[in-house]
Every structure is written in structure tokens, then in C-alpha cells.
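Structure data (TSV, C-alpha atoms) from input-v9.tsv:
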```
chain	number	residue	atom	x	y	z
A	165	MET	CA	-3.27	-117.12	70.18
A	166	ASP	CA	-3.06	-119.93	72.71
A	167	THR	CA	-6.17	-122.07	73.13
A	168	ALA	CA	-6.20	-121.46	76.88
A	169	VAL	CA	-6.40	-117.73	76.27
A	170	MET	CA	-9.34	-118.26	73.91
A	171	TRP	CA	-11.18	-120.14	76.65
A	172	LEU	CA	-10.42	-117.35	79.11
A	173	LEU	CA	-11.85	-114.82	76.68
A	174	LEU	CA	-15.01	-116.91	76.37
A	175	PHE	CA	-15.40	-117.18	80.14
A	176	GLY	CA	-14.84	-113.42	80.36
A	177	ALA	CA	-17.65	-112.83	77.86
A	178	VAL	CA	-19.97	-115.04	79.93
A	179	ALA	CA	-19.03	-113.15	83.10
A	180	LEU	CA	-19.73	-109.84	81.35
A	181	ALA	CA	-23.16	-111.07	80.24
A	182	LEU	CA	-24.01	-112.11	83.80
A	183	LEU	CA	-22.89	-108.70	85.03
A	184	VAL	CA	-25.24	-107.02	82.55
A	185	ALA	CA	-28.04	-109.30	83.74
A	186	ALA	CA	-27.34	-108.25	87.33
A	187	LEU	CA	-27.20	-104.55	86.46
A	188	THR	CA	-30.52	-104.75	84.61
A	189	ARG	CA	-32.01	-106.77	87.49
A	190	THR	CA	-33.16	-109.57	85.24
A	191	GLU	CA	-35.01	-112.15	87.32
A	192	PHE	CA	-34.19	-115.70	86.27
A	193	THR	CA	-37.30	-117.57	87.31
A	194	VAL	CA	-37.73	-121.26	86.51
A	195	ARG	CA	-40.13	-120.31	83.72
A	196	ARG	CA	-37.72	-117.79	82.20
A	197	ILE	CA	-34.76	-120.17	82.41
A	198	SER	CA	-36.82	-122.89	80.76
A	199	ILE	CA	-37.76	-120.65	77.85
A	200	ILE	CA	-34.16	-119.49	77.46
A	201	GLY	CA	-33.04	-123.12	77.40
A	202	VAL	CA	-35.59	-124.09	74.76
A	203	MET	CA	-34.68	-121.11	72.58
A	204	ALA	CA	-30.96	-121.81	73.00
A	205	GLY	CA	-31.60	-125.36	71.83
A	206	LEU	CA	-33.56	-124.11	68.83
A	207	SER	CA	-30.74	-121.68	68.00
A	208	PHE	CA	-28.28	-124.55	68.11
A	209	VAL	CA	-30.44	-126.76	65.88
A	210	ALA	CA	-31.15	-123.96	63.39
A	211	TYR	CA	-27.41	-123.34	63.05
A	212	GLU	CA	-26.06	-126.85	63.23
A	213	PHE	CA	-28.49	-128.60	60.90
A	214	PHE	CA	-29.88	-125.85	58.67
A	215	ARG	CA	-26.91	-123.87	57.46
A	216	ILE	CA	-24.90	-123.38	54.30
A	217	PRO	CA	-21.15	-122.95	54.97
A	218	PHE	CA	-19.44	-120.10	53.15
A	219	ALA	CA	-15.91	-118.78	52.73
A	220	GLY	CA	-13.84	-117.77	55.73
A	221	GLY	CA	-15.95	-119.51	58.34
A	222	SER	CA	-19.15	-117.60	57.49
A	223	SER	CA	-22.39	-119.41	56.80
A	224	PHE	CA	-26.01	-118.82	55.92
A	225	HIS	CA	-28.15	-119.93	58.88
A	226	LEU	CA	-31.27	-119.11	60.89
A	227	GLY	CA	-29.79	-119.31	64.37
A	228	ASN	CA	-30.20	-115.58	65.00
A	229	THR	CA	-33.95	-115.91	64.54
A	230	PHE	CA	-34.39	-117.25	68.06
A	231	THR	CA	-32.18	-114.59	69.60
A	232	ALA	CA	-34.47	-111.86	68.29
A	233	LEU	CA	-37.61	-113.87	69.04
A	234	THR	CA	-36.67	-114.50	72.68
A	235	ALA	CA	-35.75	-110.85	73.19
A	236	MET	CA	-39.15	-109.76	71.89
A	237	LEU	CA	-41.05	-112.34	73.94
A	238	LEU	CA	-39.12	-111.91	77.20
A	239	ASP	CA	-36.38	-109.25	77.37
A	240	GLY	CA	-33.04	-108.37	75.84
A	241	VAL	CA	-30.85	-110.16	78.36
A	242	SER	CA	-32.84	-113.38	78.00
A	243	GLY	CA	-32.76	-113.13	74.22
A	244	GLY	CA	-29.05	-112.44	74.24
A	245	LEU	CA	-28.34	-115.40	76.48
A	246	ALA	CA	-30.51	-117.75	74.40
A	247	GLY	CA	-28.64	-116.94	71.20
A	248	ALA	CA	-25.23	-116.65	72.86
A	249	ILE	CA	-25.50	-120.01	74.62
A	250	GLY	CA	-26.96	-121.91	71.69
A	251	LEU	CA	-24.64	-120.61	69.00
A	252	ALA	CA	-21.49	-120.41	71.11
A	253	LEU	CA	-22.11	-124.02	72.09
A	254	ALA	CA	-22.13	-124.95	68.40
A	255	ASP	CA	-18.69	-123.36	68.05
A	256	VAL	CA	-17.39	-125.08	71.18
A	257	LEU	CA	-18.54	-128.49	69.97
A	258	ALA	CA	-16.82	-127.77	66.67
A	259	GLY	CA	-13.60	-127.14	68.60
A	260	ASP	CA	-13.48	-123.38	67.93
A	261	PRO	CA	-13.31	-121.48	71.26
A	262	GLY	CA	-12.01	-118.44	69.38
A	263	TYR	CA	-15.20	-118.30	67.31
A	264	ALA	CA	-17.27	-119.07	70.42
A	265	PHE	CA	-15.89	-115.97	72.17
A	266	THR	CA	-16.96	-113.56	69.43
A	267	THR	CA	-20.19	-115.47	68.78
A	268	PHE	CA	-21.24	-115.12	72.42
A	269	ILE	CA	-20.67	-111.37	72.39
A	270	LEU	CA	-22.36	-110.81	69.01
A	271	LYS	CA	-25.50	-112.76	69.87
A	272	PHE	CA	-25.78	-111.09	73.26
A	273	ILE	CA	-25.65	-107.70	71.55
A	274	ILE	CA	-28.42	-108.77	69.15
A	275	GLY	CA	-30.61	-109.71	72.10
A	276	LEU	CA	-29.97	-106.46	73.99
A	277	VAL	CA	-30.77	-104.29	70.97
A	278	CYS	CA	-33.90	-106.25	70.01
A	279	GLY	CA	-35.11	-106.18	73.61
A	280	ALA	CA	-34.57	-102.44	73.95
A	281	ALA	CA	-36.31	-101.77	70.64
A	282	ALA	CA	-39.26	-104.04	71.41
A	283	HIS	CA	-39.92	-103.01	75.00
A	284	ARG	CA	-38.42	-99.53	75.37
A	285	LEU	CA	-38.81	-97.85	72.00
A	286	LEU	CA	-41.53	-99.54	69.95
A	287	HIS	CA	-43.60	-101.04	72.80
A	288	THR	CA	-44.70	-104.00	70.71
A	289	ARG	CA	-46.75	-105.54	73.52
A	290	SER	CA	-48.87	-102.45	74.20
A	291	GLY	CA	-49.07	-101.69	70.47
A	292	LYS	CA	-50.80	-104.99	69.78
A	293	ALA	CA	-54.17	-103.41	70.52
A	294	ASP	CA	-53.71	-101.09	67.54
A	295	GLY	CA	-53.48	-104.04	65.15
A	296	GLY	CA	-53.09	-103.60	61.42
A	297	PRO	CA	-49.96	-102.51	59.56
A	298	GLY	CA	-48.76	-100.37	62.45
A	299	TYR	CA	-48.38	-103.33	64.76
A	300	LEU	CA	-46.67	-105.38	62.07
A	301	LEU	CA	-44.22	-102.55	61.45
A	302	ARG	CA	-43.41	-102.34	65.16
A	303	VAL	CA	-42.74	-106.06	65.41
A	304	THR	CA	-40.65	-106.00	62.24
A	305	GLY	CA	-38.67	-102.99	63.44
A	306	ALA	CA	-37.97	-104.64	66.78
A	307	ALA	CA	-36.78	-107.87	65.15
A	308	PHE	CA	-34.65	-106.13	62.55
A	309	SER	CA	-33.03	-103.66	64.97
A	310	GLY	CA	-30.59	-106.09	66.59
A	311	LEU	CA	-30.08	-108.09	63.41
A	312	PHE	CA	-29.26	-104.89	61.52
A	313	VAL	CA	-26.72	-103.88	64.17
A	314	ASN	CA	-25.19	-107.33	63.74
A	315	VAL	CA	-24.49	-106.53	60.07
A	316	PHE	CA	-21.85	-104.10	61.35
A	317	THR	CA	-20.71	-105.67	64.62
A	318	ASP	CA	-20.16	-109.14	63.13
A	319	PRO	CA	-17.57	-108.06	60.52
A	320	LEU	CA	-15.96	-105.63	62.99
A	321	LEU	CA	-15.52	-108.17	65.77
A	322	GLY	CA	-14.69	-110.82	63.18
A	323	TYR	CA	-11.80	-108.67	61.94
A	324	PHE	CA	-10.49	-108.40	65.50
A	325	ARG	CA	-10.79	-112.18	65.93
A	326	ASP	CA	-9.07	-113.00	62.64
A	327	ARG	CA	-6.21	-110.56	63.22
A	328	TYR	CA	-5.46	-110.93	66.92
A	329	ILE	CA	-6.83	-114.34	67.90
A	330	PHE	CA	-6.17	-116.32	64.72
A	331	GLY	CA	-3.17	-114.22	63.62
A	332	GLN	CA	-4.24	-113.70	60.01
A	333	THR	CA	-2.70	-110.99	57.85
A	334	VAL	CA	-4.38	-107.63	57.30
A	335	GLU	CA	-5.11	-108.50	53.66
A	336	VAL	CA	-6.83	-111.79	54.48
A	337	ALA	CA	-8.76	-110.31	57.41
A	338	SER	CA	-9.94	-107.42	55.24
A	339	VAL	CA	-11.27	-109.75	52.55
A	340	LEU	CA	-13.07	-111.85	55.14
A	341	VAL	CA	-14.70	-108.72	56.57
A	342	LYS	CA	-16.30	-107.98	53.20
A	343	VAL	CA	-17.49	-111.56	52.77
A	344	THR	CA	-18.86	-111.68	56.32
A	345	GLY	CA	-20.71	-108.40	55.85
A	346	GLY	CA	-22.58	-109.68	52.81
A	347	VAL	CA	-23.43	-113.04	54.35
A	348	THR	CA	-24.56	-111.41	57.60
A	349	LEU	CA	-26.86	-109.02	55.74
A	350	VAL	CA	-28.63	-111.93	54.03
A	351	ASN	CA	-28.85	-113.81	57.34
A	352	SER	CA	-30.32	-110.74	59.02
A	353	LEU	CA	-33.01	-110.20	56.41
A	354	VAL	CA	-34.12	-113.84	56.38
A	355	SER	CA	-33.94	-114.14	60.18
A	356	THR	CA	-36.07	-111.00	60.55
A	357	VAL	CA	-38.84	-112.52	58.44
A	358	CYS	CA	-38.71	-115.78	60.41
A	359	ALA	CA	-38.66	-113.99	63.79
A	360	VAL	CA	-41.66	-111.84	62.88
A	361	VAL	CA	-43.70	-114.82	61.66
A	362	LEU	CA	-42.89	-116.85	64.78
A	363	TYR	CA	-43.60	-113.92	67.09
A	364	LEU	CA	-47.00	-113.24	65.56
A	365	ALA	CA	-47.85	-116.93	65.90
A	366	LEU	CA	-46.44	-117.59	69.39
A	367	GLU	CA	-46.98	-114.39	71.34
A	368	PRO	CA	-50.81	-114.64	71.59
A	369	ALA	CA	-50.63	-118.33	72.59
A	370	LEU	CA	-47.92	-117.76	75.20
A	371	GLN	CA	-49.82	-114.76	76.53
A	372	ARG	CA	-53.01	-116.78	76.97
A	373	ALA	CA	-51.00	-119.49	78.74
A	374	HIS	CA	-49.52	-116.84	81.07
A	375	LEU	CA	-46.00	-117.85	80.12
A	376	LEU	CA	-44.79	-114.34	79.34
A	377	PRO	CA	-43.65	-111.82	81.96
A	378	LYS	CA	-45.88	-108.83	82.60
A	379	GLU	CA	-43.01	-106.39	82.67
A	380	HIS	CA	-39.98	-106.19	80.42
A	381	ARG	CA	-36.50	-104.87	80.91
A	382	ILE	CA	-33.77	-104.28	78.35
```
Written as C-alpha cells, that's how I'd like the structure from this file.
Amino acid sequence: MDTAVMWLLLFGAVALALLVAALTRTEFTVRRISIIGVMAGLSFVAYEFFRIPFAGGSSFHLGNTFTALTAMLLDGVSGGLAGAIGLALADVLAGDPGYAFTTFILKFIIGLVCGAAAHRLLHTRSGKADGGPGYLLRVTGAAFSGLFVNVFTDPLLGYFRDRYIFGQTVEVASVLVKVTGGVTLVNSLVSTVCAVVLYLALEPALQRAHLLPKEHRI
């Protein structure tokens, strides 16, 4: 596929994310934008400098950690944008707009799912008063929710990218799907542990500093 078309797909993904933000009425205050920017930068660093490349463009990395973490601290849209911006930027700087397109969508989905699980289903903020194993399970479930979904969406969207953007054969794309699935599962498990540890450490401090919003959306 032509490079110009790849860039158009990426811009379309960004426009779709902004539409979702508008539909969910996400308020981008200076504080929220600042946190998203910091988390996007951390996502970029975690991917760019702490990763192990693998076959077919896959790699072991911790970039998804900050997508889940931001979604649990703020909301799903903010978390999705943090991961999508940071990790798509890594692909863009590597000269891979085709990868950046799918990366942006995949990370945004992680953020939306983690945000919905944390603030709509498991209510991690209100459950903090319970303490103990129950609270830890809620936080872990919220972090793992989006990362677990990514175990399936990453290979699926990756197959689409390899077949119709990069023009690979069915046989090659099918093999890469299996490799990507395994690598993504490992990434998800490790990123879940890291996100939970960071959340438990940062959430109380950010709450005391009044840096977290009082209400959460998806």
C-alpha cells in the first residue's frame, strides 16, 4: 500500500479517537493534558529503550503499562491517548506509518477497556476503602482487562495490516499472527504487574496532591 495512504489511515485513526473523546465528553484540562503528555513520553521511553525485538516486527516491551495506568488514574480516553500517542510516535520515528496506524488503534482500545473496567465495572477508586485482597484484585482486574483484550485484537489487526497494508501472503501473515499472539500475551502479563505496582504507589500520592479528577468517564 502507498505510504500516503498509510498516513491517511493514521490521521483517520486520530480523528476517530478525537470523536470518541467528544462523544464521551472528556474534558481536556491543562492538568489532564499534562498527565497524558507525561504518560505518553513514558510509553515511548519504555518501548524505545526497554524492548526486545522479536520475529515479524513483534517485541517484548513495557509500553502498554502506561496506557493501562493512565486509564486507571484518569479515564479510558486519556489512557488510550497516552499509549496511542507515545507508541505510535515510536513507529513514526522508525519510519513505519503502517505500524503506527494499527498501534494507535490498539493502544486506544486498551485505554478504553481499562478505563471502563476501572471506573464503570470494578470501581477501583471507591473500592480503595475496603483495602486488603479485594482492592488488589479490583486493581489487577482493571489493569488486565484492556491488556487481555489486546492479546486478541493485536494479532487480529496485525493480520489485517500484514495482508492489506504490507501485502504479505496469507501463509506469512498467519504465521506472524501466532507469533504476535504469544509475544502479546507475555507483554500483557508483565505490563499488568507493572501497572498494578505503579498504580498502588502513585494513586494515593496523586490523590493527596489533588491531581486526579473527582469523576471518571470511560
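The point (-33.2, -115.2, 65.9) has these residues within 7 Å of it, counting all atoms listed in the file: Leu226, Gly227, Asn228, Thr229, Phe230, Thr231, Ala232, Leu233, Ser355 and Ala359 of chain A.
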Writing out the chosen residues with C-alpha atoms as an mmCIF file, keeping the file's coordinate frame:
```
data_model
loop_
_atom_site.group_PDB
_atom_site.id
_atom_site.type_symbol
_atom_site.label_atom_id
_atom_site.label_comp_id
_atom_site.auth_asym_id
_atom_site.auth_seq_id
_atom_site.Cartn_x
_atom_site.Cartn_y
_atom_site.Cartn_z
ATOM 1 C CA LEU A 226 -31.270 -119.110 60.890
ATOM 2 C CA GLY A 227 -29.790 -119.310 64.370
ATOM 3 C CA ASN A 228 -30.200 -115.580 65.000
ATOM 4 C CA THR A 229 -33.950 -115.910 64.540
ATOM 5 C CA PHE A 230 -34.390 -117.250 68.060
ATOM 6 C CA THR A 231 -32.180 -114.590 69.600
ATOM 7 C CA ALA A 232 -34.470 -111.860 68.290
ATOM 8 C CA LEU A 233 -37.610 -113.870 69.040
ATOM 9 C CA SER A 355 -33.940 -114.140 60.180
ATOM 10 C CA ALA A 359 -38.660 -113.990 63.790
#
```
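Taking atom CA of Gly275 of chain A as the reference point, atom CA of Leu301 of chain A is found at 18.7 Å.
Candidate residues A:Leu238, A:Gly296, A:Arg327, A:Val256 were compared for distance to His283 of chain A, and the nearest is A:Leu238, using all atoms listed in the file.
In this model, the gap between atom CA of Gly346 of chain A and atom CA of Ala210 of chain A comes to 19.7 Å.
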So that each row is one residue of segment 210-251 of chain A with an atom at most 10 Å from segment 165-179 of chain A, can you give its shortest atom pair and the distance in Å to one decimal, using all atoms listed in the file, rows by chain and rising number, as CSV?
```
residue,atom,partner,partner_atom,distance
A:Leu245,CA,A:Val178,CA,9.1
A:Ala248,CA,A:Val178,CA,9.0
A:Ile249,CA,A:Val178,CA,9.1
```
One decimal, Å: what's the distance from atom CA of Asp255 of chain A over to atom CA of Thr193 of chain A, could you say?
27.4 Å
Compile a residue-level contact table for segment 211-271 of chain A against segment 195-199 of chain A at a cut-off of 10 Å, reporting for every qualifying residue the shortest atom pair and its distance in Å to one decimal, with all atoms listed in the file counted, rows ordered by chain and ascending number, as JSON lines.
```
{"residue": "A:Thr234", "atom": "CA", "partner": "A:Ile199", "partner_atom": "CA", "distance": 8.1}
{"residue": "A:Leu237", "atom": "CA", "partner": "A:Ile199", "partner_atom": "CA", "distance": 9.8}
{"residue": "A:Leu238", "atom": "CA", "partner": "A:Arg196", "partner_atom": "CA", "distance": 7.8}
{"residue": "A:Asp239", "atom": "CA", "partner": "A:Arg196", "partner_atom": "CA", "distance": 9.9}
{"residue": "A:Ser242", "atom": "CA", "partner": "A:Arg196", "partner_atom": "CA", "distance": 7.8}
{"residue": "A:Gly243", "atom": "CA", "partner": "A:Ile199", "partner_atom": "CA", "distance": 9.7}
{"residue": "A:Leu245", "atom": "CA", "partner": "A:Ile197", "partner_atom": "CA", "distance": 10.0}
{"residue": "A:Ala246", "atom": "CA", "partner": "A:Ile199", "partner_atom": "CA", "distance": 8.5}
```
For segment 195-199 of chain A, I'd like the enclosing box, axis-aligned and padded by 4 Å on every side, reported as lines of an AutoDock Vina configuration file with centre and edge lengths in Å to one decimal.
```
center_x = -37.4
center_y = -120.3
center_z = 80.8
size_x = 13.4
size_y = 13.1
size_z = 13.9
```
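Remark: for Glu367 of chain A, the closest of the candidate residues A:Thr348, A:Thr333, A:Ser309, A:Thr288 is A:Thr288 (distances computed over all atoms listed in the file).
For the residues A:Gly201, A:Gly322, A:Gly305, A:Gly250, ranking by smallest atom-to-atom distance to Ala280 of chain A using only C-alpha atoms places A:Gly305 first.
With all atoms listed in the file as the atoms that count, the minimum distance from Ala235 of chain A to the choices A:Leu251, A:Val360, A:Val347, A:Ala373 is reached by A:Val360.
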